[in-house]
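Have a look at my_file33.txt below; it lists compact mmCIF, C-alpha atoms and all ligand atoms.
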# COMPACT_ATOMS: atom_id res chain seq x y z
CA MET A 29 20.48 15.73 -53.61
CA ARG A 30 19.95 19.48 -53.90
CA MET A 31 16.35 20.57 -53.83
CA ILE A 32 14.26 23.72 -53.73
CA MET A 33 10.77 24.03 -52.24
CA LEU A 34 8.66 26.51 -54.16
CA GLY A 35 5.10 27.61 -53.49
CA PRO A 36 3.03 30.43 -52.06
CA PRO A 37 3.16 31.44 -48.41
CA GLY A 38 1.31 28.84 -46.32
CA ALA A 39 1.44 26.12 -49.01
CA GLY A 40 3.24 23.69 -46.71
CA LYS A 41 6.85 24.24 -47.83
CA GLY A 42 8.23 24.05 -44.30
CA THR A 43 6.01 21.11 -43.31
CA GLN A 44 7.13 19.04 -46.30
CA ALA A 45 10.76 20.23 -46.33
CA LYS A 46 11.24 18.94 -42.77
CA ARG A 47 9.97 15.49 -43.77
CA ILE A 48 12.06 15.39 -46.95
CA ALA A 49 15.15 16.42 -44.96
CA ASN A 50 14.54 13.54 -42.50
CA GLU A 51 13.93 11.06 -45.29
CA PHE A 52 17.09 11.91 -47.23
CA LYS A 53 19.21 12.88 -44.20
CA ILE A 54 20.05 16.29 -45.58
CA PRO A 55 19.73 19.70 -43.89
CA HIS A 56 16.55 21.75 -44.20
CA ILE A 57 17.54 25.34 -44.89
CA SER A 58 14.68 27.79 -44.39
CA THR A 59 15.63 31.41 -44.95
CA GLY A 60 12.45 32.49 -43.13
CA GLU A 61 13.50 30.45 -40.09
CA ILE A 62 17.06 31.82 -40.15
CA LEU A 63 15.67 35.37 -40.28
CA ARG A 64 13.08 34.71 -37.51
CA ASN A 65 15.86 33.34 -35.28
CA ALA A 66 17.93 36.45 -35.96
CA ILE A 67 14.95 38.61 -34.93
CA LYS A 68 14.46 36.54 -31.76
CA ASP A 69 18.18 36.91 -30.92
CA LYS A 70 18.03 40.65 -31.66
CA THR A 71 21.09 40.53 -33.95
CA PRO A 72 21.83 43.36 -36.45
CA LEU A 73 20.60 41.04 -39.22
CA GLY A 74 17.39 40.47 -37.27
CA GLU A 75 16.80 44.19 -36.79
CA LYS A 76 17.24 44.83 -40.50
CA ALA A 77 15.09 41.84 -41.55
CA GLN A 78 12.25 42.73 -39.19
CA GLU A 79 11.65 46.05 -40.99
CA TYR A 80 10.69 44.08 -44.10
CA MET A 81 9.14 40.93 -42.65
CA GLN A 82 6.63 42.73 -40.46
CA LYS A 83 5.32 44.49 -43.58
CA GLY A 84 5.13 41.23 -45.56
CA LEU A 85 7.89 42.41 -47.91
CA LEU A 86 10.92 40.47 -49.10
CA VAL A 87 14.21 41.09 -47.35
CA PRO A 88 16.68 42.56 -49.91
CA ASP A 89 18.29 39.98 -52.22
CA GLU A 90 21.88 40.73 -51.17
CA ILE A 91 21.17 40.02 -47.49
CA VAL A 92 19.39 36.71 -48.10
CA THR A 93 21.78 35.56 -50.82
CA GLY A 94 24.74 36.20 -48.51
CA LEU A 95 23.11 34.07 -45.79
CA VAL A 96 22.51 31.14 -48.14
CA LYS A 97 25.97 31.38 -49.65
CA GLU A 98 27.52 30.93 -46.20
CA ARG A 99 25.09 28.23 -45.08
CA VAL A 100 25.60 25.89 -48.05
CA LYS A 101 29.36 25.93 -47.44
CA GLU A 102 28.83 24.13 -44.12
CA PRO A 103 30.02 20.49 -44.14
CA ASP A 104 26.53 19.11 -43.44
CA CYS A 105 25.56 20.29 -46.95
CA ASP A 106 28.17 18.09 -48.67
CA ASN A 107 25.56 15.46 -49.60
CA GLY A 108 22.87 17.97 -50.49
CA PHE A 109 20.21 20.12 -48.87
CA ILE A 110 16.68 21.32 -49.24
CA LEU A 111 16.18 25.06 -49.63
CA ASP A 112 12.82 26.30 -48.30
CA GLY A 113 11.87 29.86 -49.22
CA PHE A 114 14.97 30.51 -51.32
CA PRO A 115 15.25 31.55 -54.10
CA ARG A 116 12.29 33.89 -54.07
CA THR A 117 13.19 36.18 -56.95
CA ILE A 118 14.72 35.58 -60.37
CA ASN A 119 17.69 37.55 -59.12
CA GLN A 120 18.19 35.14 -56.19
CA ALA A 121 17.88 32.14 -58.54
CA LYS A 122 20.59 33.61 -60.77
CA SER A 123 22.82 34.20 -57.73
CA LEU A 124 22.43 30.53 -56.84
CA GLU A 125 23.64 29.63 -60.33
CA ASP A 126 26.53 32.09 -59.99
CA MET A 127 27.55 30.27 -56.80
CA GLY A 128 28.03 27.19 -59.00
CA ILE A 129 25.36 25.28 -57.09
CA GLY A 130 23.52 22.86 -59.37
CA ILE A 131 19.95 21.99 -58.40
CA ASP A 132 18.45 18.54 -59.02
CA SER A 133 14.74 19.19 -58.38
CA VAL A 134 12.37 22.05 -57.67
CA ILE A 135 9.22 20.94 -55.85
CA ASN A 136 6.37 23.35 -56.53
CA ILE A 137 3.47 23.00 -54.09
CA ASN A 138 0.16 24.21 -55.53
CA VAL A 139 -2.62 25.38 -53.17
CA CYS A 140 -5.51 27.75 -53.98
CA GLU A 141 -5.86 31.04 -52.07
CA GLU A 142 -8.96 29.95 -50.13
CA ASP A 143 -7.09 26.97 -48.64
CA LEU A 144 -4.02 29.11 -47.94
CA ILE A 145 -6.11 31.51 -45.84
CA GLU A 146 -7.44 28.58 -43.78
CA ARG A 147 -3.88 27.38 -43.22
CA PHE A 148 -2.67 30.79 -42.03
CA THR A 149 -5.64 31.25 -39.75
CA GLY A 150 -5.04 27.95 -37.96
CA ARG A 151 -1.24 27.91 -37.94
CA ARG A 152 0.46 27.94 -34.54
CA VAL A 153 4.22 28.01 -34.04
CA CYS A 154 6.32 27.22 -30.99
CA LYS A 155 7.70 30.35 -29.35
CA THR A 156 10.79 28.39 -28.26
CA CYS A 157 11.75 26.00 -31.08
CA GLY A 158 9.70 27.30 -34.04
CA ALA A 159 7.92 23.96 -34.70
CA THR A 160 4.75 24.43 -36.76
CA PHE A 161 1.27 23.06 -36.07
CA HIS A 162 -2.27 23.67 -37.30
CA ILE A 163 -5.23 23.70 -34.93
CA LYS A 164 -7.31 21.61 -37.38
CA PHE A 165 -4.95 19.89 -39.82
CA ASP A 166 -1.92 19.15 -37.63
CA PRO A 167 -2.95 19.72 -34.02
CA PRO A 168 -0.54 19.40 -31.07
CA SER A 169 -1.33 16.65 -28.52
CA LYS A 170 -2.11 19.27 -25.86
CA PRO A 171 -3.70 22.59 -26.93
CA ASN A 172 -1.17 25.42 -27.25
CA ILE A 173 1.77 23.27 -26.10
CA CYS A 174 4.59 22.23 -28.44
CA ASP A 175 4.90 18.42 -28.77
CA LYS A 176 8.64 18.71 -29.33
CA CYS A 177 9.81 21.00 -26.51
CA GLN A 178 6.68 21.79 -24.44
CA GLY A 179 7.06 25.47 -25.42
CA GLU A 180 4.09 27.82 -25.80
CA LEU A 181 2.37 27.89 -29.21
CA ILE A 182 1.68 31.33 -30.65
CA ILE A 183 0.44 32.93 -33.89
CA ARG A 184 3.34 33.82 -36.19
CA ALA A 185 3.99 37.58 -36.27
CA ASP A 186 3.42 37.85 -40.03
CA ASP A 187 0.20 35.75 -40.06
CA GLU A 188 -1.99 38.78 -39.34
CA MET A 189 -4.47 39.00 -42.26
CA SER A 190 -3.33 42.31 -43.78
CA THR A 191 0.29 41.06 -43.77
CA VAL A 192 -0.80 37.74 -45.28
CA LYS A 193 -2.53 39.56 -48.16
CA LYS A 194 0.65 41.54 -48.79
CA ARG A 195 2.78 38.37 -48.74
CA LEU A 196 0.46 36.70 -51.26
CA LYS A 197 0.72 39.73 -53.55
CA VAL A 198 4.52 39.79 -53.25
CA TYR A 199 4.56 36.05 -54.05
CA THR A 200 2.52 36.56 -57.24
CA GLU A 201 4.63 39.47 -58.41
CA GLN A 202 8.15 38.41 -57.43
CA THR A 203 8.27 34.65 -56.76
CA ALA A 204 5.73 33.02 -59.11
CA PRO A 205 7.93 33.86 -62.17
CA LEU A 206 10.34 31.21 -60.80
CA ILE A 207 7.84 28.52 -61.83
CA ASP A 208 8.51 29.15 -65.54
CA PHE A 209 12.19 29.78 -64.84
CA TYR A 210 12.61 26.23 -63.45
CA LYS A 211 10.08 24.66 -65.83
CA ASN A 212 12.26 25.83 -68.72
CA LYS A 213 15.23 24.14 -67.07
CA LYS A 214 13.17 20.90 -66.77
CA LEU A 215 13.61 20.84 -63.00
CA LEU A 216 10.04 21.54 -61.89
CA ILE A 217 7.96 18.90 -60.09
CA ASP A 218 4.36 20.11 -59.69
CA ILE A 219 2.59 18.79 -56.61
CA ASP A 220 -1.06 19.07 -55.61
CA GLY A 221 -0.69 20.57 -52.14
CA THR A 222 -4.39 20.58 -51.27
CA LYS A 223 -4.35 16.96 -50.02
CA PRO A 224 -3.64 16.01 -46.39
CA ILE A 225 -0.03 16.39 -45.20
CA ASP A 226 0.85 12.64 -45.43
CA GLU A 227 -0.59 12.33 -48.94
CA VAL A 228 1.32 15.36 -50.17
CA PHE A 229 4.50 13.88 -48.71
CA SER A 230 4.02 10.51 -50.36
CA SER A 231 3.35 12.09 -53.76
CA ILE A 232 6.54 14.16 -53.41
CA LEU A 233 8.54 11.00 -52.62
CA LYS A 234 7.03 9.16 -55.59
CA ARG A 235 7.84 11.99 -57.95
CA LEU A 236 11.39 12.30 -56.61
CA ARG A 237 11.84 8.56 -57.20
CA GLY A 238 10.47 8.93 -60.73
CA GLU A 239 7.31 6.89 -60.05
CA ALA A 240 3.89 7.80 -61.46
CA VAL A 241 1.52 9.39 -58.92
P1 LIG B 301 8.94 32.16 -44.91
O1 LIG B 301 9.15 31.77 -43.52
O2 LIG B 301 9.64 31.42 -45.98
O3 LIG B 301 7.39 32.20 -45.18
P2 LIG B 301 6.47 31.91 -46.47
O4 LIG B 301 7.11 31.61 -47.75
O5 LIG B 301 5.55 33.06 -46.47
O6 LIG B 301 5.82 30.57 -46.14
P3 LIG B 301 5.27 30.09 -44.78
O7 LIG B 301 6.39 29.69 -43.88
O8 LIG B 301 4.26 31.07 -44.26
O9 LIG B 301 4.44 28.81 -45.26
P4 LIG B 301 4.92 27.36 -45.64
O10 LIG B 301 4.76 27.19 -47.11
O11 LIG B 301 6.25 27.03 -45.04
O12 LIG B 301 3.77 26.54 -44.94
P5 LIG B 301 3.77 25.69 -43.57
O13 LIG B 301 4.49 24.40 -43.79
O14 LIG B 301 4.13 26.52 -42.40
O15 LIG B 301 9.32 33.69 -45.08
C1 LIG B 301 8.87 34.66 -44.17
C2 LIG B 301 9.39 36.03 -44.55
O16 LIG B 301 10.84 36.01 -44.49
C3 LIG B 301 9.07 36.51 -45.96
O17 LIG B 301 7.81 37.13 -46.02
C4 LIG B 301 10.22 37.48 -46.22
O18 LIG B 301 10.00 38.71 -45.58
C5 LIG B 301 11.40 36.79 -45.54
N1 LIG B 301 12.14 35.91 -46.45
C6 LIG B 301 12.28 34.56 -46.32
N2 LIG B 301 13.02 34.07 -47.34
C7 LIG B 301 13.31 35.12 -48.14
C8 LIG B 301 14.03 35.24 -49.35
N3 LIG B 301 14.55 34.18 -49.99
N4 LIG B 301 14.14 36.49 -49.90
C9 LIG B 301 13.63 37.57 -49.29
N5 LIG B 301 12.93 37.52 -48.14
C10 LIG B 301 12.78 36.30 -47.56
O19 LIG B 301 2.19 25.35 -43.50
C11 LIG B 301 1.26 26.38 -43.24
C12 LIG B 301 0.16 25.84 -42.28
O20 LIG B 301 -0.61 24.87 -42.97
C13 LIG B 301 0.72 25.13 -41.04
O21 LIG B 301 -0.12 25.41 -39.95
C14 LIG B 301 0.68 23.64 -41.41
O22 LIG B 301 0.49 22.82 -40.27
C15 LIG B 301 -0.53 23.59 -42.34
N6 LIG B 301 -0.38 22.62 -43.42
C16 LIG B 301 0.75 22.29 -44.12
N7 LIG B 301 0.49 21.39 -45.08
C17 LIG B 301 -0.85 21.13 -45.00
C18 LIG B 301 -1.75 20.29 -45.73
N8 LIG B 301 -1.29 19.51 -46.74
N9 LIG B 301 -3.05 20.29 -45.39
C19 LIG B 301 -3.50 21.07 -44.37
N10 LIG B 301 -2.72 21.89 -43.64
C20 LIG B 301 -1.40 21.93 -43.95
MG MG B 302 7.62 28.08 -43.89
Could you render the structure as structure tokens?
Amino acid sequence: MRMIMLGPPGAGKGTQAKRIANEFKIPHISTGEILRNAIKDKTPLGEKAQEYMQKGLLVPDEIVTGLVKERVKEPDCDNGFILDGFPRTINQAKSLEDMGIGIDSVININVCEEDLIERFTGRRVCKTCGATFHIKFDPPSKPNICDKCQGELIIRADDEMSTVKKRLKVYTEQTAPLIDFYKNKKLLIDIDGTKPIDEVFSSILKRLRGEAV
């Protein structure tokens, strides 16, 4: 099972990808998370990526494609994986094809801009383990404390409103063309992402199992 999560920033790609990964016992590969960890660890990759991420811009294709190419060679990917946040340009999608990696499904989560803004505003992430919460829609048991590791919850560095606007613009210009790209290949599964988290998850599962929603 090789899947891609597509959708604008804040649509719930990470939230759903984690659940899908658990359900199908496959790794969740988030390029955003890999890059944020590199920034936290102050690696050369992290230093390079930060220049782009803090401005809401995409990290250059060759850097991200190289990361994914290495990651999918790991043995835990033998039975499949779910890619979250990759590909993000037509160029990246073509590189994936050049790697000889066939994709079974592309899950496209649809959420309007007004809802996205509410999701960014309330998102909190764990400073230690990166787990994601929302103060209204997915609150932690104790305010500002991670349920998973008891770490401190903070606002993600690129969730500042001017950066969010830039990320949404970059999505429209560079990533949204992937919708038609995968629709033409008959791989696209359109999901209404405006429903509560559990409902979105169950409609994804139904669609993956070929049931009517
Ligand atoms: P990345 O980390 O991939 O960020 P993104 O695509 O902007 O998406 P987000 O992680 O912000 O949102 P999400 O869709 O995962 O939503 P979430 O589940 O958190 O990338 C960050 C940066 O890294 C990029 O800007 C770029 O610079 C770089 N990068 C990464 N990949 C790259 C690539 N391939 N090429 C080049 N550069 C790359 O949910 C959002 C909030 O809403 C949460 O608080 C959640 O609790 C809540 N929520 C989720 N679902 C629901 C729901 N159904 N109802 C209510 N609330 C919900
Ligand atoms: Mg994410």
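When all atoms listed in the file are used to measure the gap to Lys68 in chain A, the shortest distance among A:Thr191, A:Glu180, A:Gly158, A:Gly128 belongs to A:Gly158.
With a cut-off of 8 Å and using only C-alpha atoms and all ligand atoms, the polymer residues contacting ligand MG 302 (chain B) are Pro37, Gly38, Gly40, Lys41, Gly42, Thr43, Ser58, Gly60, Glu61, Asp112 and Gly113 of chain A.
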Given a cut-off of 7 Å, what residues near ligand LIG 301 (chain B) show up using all atoms listed in the file, put as a PyMOL selection string? chain A and resi 35-44+58-61+63+80-81+84-89+92+112-116+147-148+150-152+160-162+165-166+195+221-225+228
Those selected residues, please, written with C-alpha atoms and delivered as a PDB file, keeping the file's coordinate frame.
ATOM      1  CA  GLY A  35       5.100  27.610 -53.490  1.00  0.00           C
ATOM      2  CA  PRO A  36       3.030  30.430 -52.060  1.00  0.00           C
ATOM      3  CA  PRO A  37       3.160  31.440 -48.410  1.00  0.00           C
ATOM      4  CA  GLY A  38       1.310  28.840 -46.320  1.00  0.00           C
ATOM      5  CA  ALA A  39       1.440  26.120 -49.010  1.00  0.00           C
ATOM      6  CA  GLY A  40       3.240  23.690 -46.710  1.00  0.00           C
ATOM      7  CA  LYS A  41       6.850  24.240 -47.830  1.00  0.00           C
ATOM      8  CA  GLY A  42       8.230  24.050 -44.300  1.00  0.00           C
ATOM      9  CA  THR A  43       6.010  21.110 -43.310  1.00  0.00           C
ATOM     10  CA  GLN A  44       7.130  19.040 -46.300  1.00  0.00           C
ATOM     11  CA  SER A  58      14.680  27.790 -44.390  1.00  0.00           C
ATOM     12  CA  THR A  59      15.630  31.410 -44.950  1.00  0.00           C
ATOM     13  CA  GLY A  60      12.450  32.490 -43.130  1.00  0.00           C
ATOM     14  CA  GLU A  61      13.500  30.450 -40.090  1.00  0.00           C
ATOM     15  CA  LEU A  63      15.670  35.370 -40.280  1.00  0.00           C
ATOM     16  CA  TYR A  80      10.690  44.080 -44.100  1.00  0.00           C
ATOM     17  CA  MET A  81       9.140  40.930 -42.650  1.00  0.00           C
ATOM     18  CA  GLY A  84       5.130  41.230 -45.560  1.00  0.00           C
ATOM     19  CA  LEU A  85       7.890  42.410 -47.910  1.00  0.00           C
ATOM     20  CA  LEU A  86      10.920  40.470 -49.100  1.00  0.00           C
ATOM     21  CA  VAL A  87      14.210  41.090 -47.350  1.00  0.00           C
ATOM     22  CA  PRO A  88      16.680  42.560 -49.910  1.00  0.00           C
ATOM     23  CA  ASP A  89      18.290  39.980 -52.220  1.00  0.00           C
ATOM     24  CA  VAL A  92      19.390  36.710 -48.100  1.00  0.00           C
ATOM     25  CA  ASP A 112      12.820  26.300 -48.300  1.00  0.00           C
ATOM     26  CA  GLY A 113      11.870  29.860 -49.220  1.00  0.00           C
ATOM     27  CA  PHE A 114      14.970  30.510 -51.320  1.00  0.00           C
ATOM     28  CA  PRO A 115      15.250  31.550 -54.100  1.00  0.00           C
ATOM     29  CA  ARG A 116      12.290  33.890 -54.070  1.00  0.00           C
ATOM     30  CA  ARG A 147      -3.880  27.380 -43.220  1.00  0.00           C
ATOM     31  CA  PHE A 148      -2.670  30.790 -42.030  1.00  0.00           C
ATOM     32  CA  GLY A 150      -5.040  27.950 -37.960  1.00  0.00           C
ATOM     33  CA  ARG A 151      -1.240  27.910 -37.940  1.00  0.00           C
ATOM     34  CA  ARG A 152       0.460  27.940 -34.540  1.00  0.00           C
ATOM     35  CA  THR A 160       4.750  24.430 -36.760  1.00  0.00           C
ATOM     36  CA  PHE A 161       1.270  23.060 -36.070  1.00  0.00           C
ATOM     37  CA  HIS A 162      -2.270  23.670 -37.300  1.00  0.00           C
ATOM     38  CA  PHE A 165      -4.950  19.890 -39.820  1.00  0.00           C
ATOM     39  CA  ASP A 166      -1.920  19.150 -37.630  1.00  0.00           C
ATOM     40  CA  ARG A 195       2.780  38.370 -48.740  1.00  0.00           C
ATOM     41  CA  GLY A 221      -0.690  20.570 -52.140  1.00  0.00           C
ATOM     42  CA  THR A 222      -4.390  20.580 -51.270  1.00  0.00           C
ATOM     43  CA  LYS A 223      -4.350  16.960 -50.020  1.00  0.00           C
ATOM     44  CA  PRO A 224      -3.640  16.010 -46.390  1.00  0.00           C
ATOM     45  CA  ILE A 225      -0.030  16.390 -45.200  1.00  0.00           C
ATOM     46  CA  VAL A 228       1.320  15.360 -50.170  1.00  0.00           C
TER      47      VAL A 228
END
Box along x, y and z, 8 Å on every side, all listed atoms of range 206-221 of chain A inside: centre and edge lengths in Å to one decimal, as lines of an AutoDock Vina configuration file.
center_x = 7.1
center_y = 25.0
center_z = -60.4
size_x = 32.3
size_y = 28.4
size_z = 32.6
Go ahead and compute the interatomic distance for CA of Ala121 in chain A and CA of Glu102 in chain A, in Å to one decimal. 19.8 Å
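For the set A:Glu141, A:Glu146, A:Asp175, A:Asp132, the residue with the smallest atom-to-atom gap to Leu111 in chain A is A:Asp132, counting all atoms listed in the file.
Distance check against Thr149 in chain A using only C-alpha atoms: of A:Ser123, A:Ser190, A:Gln178, A:Ser133, the minimum falls on A:Ser190.
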For Ile57 in chain A, which of A:Leu181, A:Leu73, A:Val96, A:Leu124 is the closest residue, counting only C-alpha atoms? A:Val96
Hey, could you make a per-residue contact list for range 90-172 of chain A against range 52-55 of chain A with 7 Å as the cut-off, showing the nearest pair of atoms and its distance in Å to one decimal, counting all atoms listed in the file, sorted by chain and number, as a Markdown table?
| residue | atom | partner | partner_atom | distance |
| --- | --- | --- | --- | --- |
| A:Asp104 | CA | A:Pro55 | CA | 6.8 |
| A:Cys105 | CA | A:Pro55 | CA | 6.6 |
| A:Asn107 | CA | A:Ile54 | CA | 6.9 |
| A:Gly108 | CA | A:Ile54 | CA | 5.9 |
| A:Phe109 | CA | A:Pro55 | CA | 5.0 |
| A:Ile110 | CA | A:Pro55 | CA | 6.4 |
So which residues touch Thr203 in chain A within 8 Å, counting all atoms listed in the file, skipping near sequence neighbours fewer than 4 positions away, as JSON, numbers by chain? {"A": [116, 117, 118, 198, 199, 207]}
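Nearest residue to Gln120 in chain A among A:Val134, A:Leu196, A:Leu206, A:Met189 is A:Leu206, counting all atoms listed in the file.
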CA of Arg30 in chain A to CA of Gly130 in chain A measures 7.4 Å
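Relative to CA of Lys70 in chain A, CA of Ile32 in chain A is found at 28.1 Å.
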All residues 9 Å or closer to Lys155 in chain A, all atoms listed in the file, same chain fewer than 4 positions away omitted, as JSON, numbers by chain: {"A": [159, 174, 179, 180, 181, 182, 183, 184]}
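Remark: for Glu125 in chain A, the closest of the candidate residues A:Lys97, A:Lys164, A:Lys193, A:Arg235 is A:Lys97 (distances computed over only C-alpha atoms).
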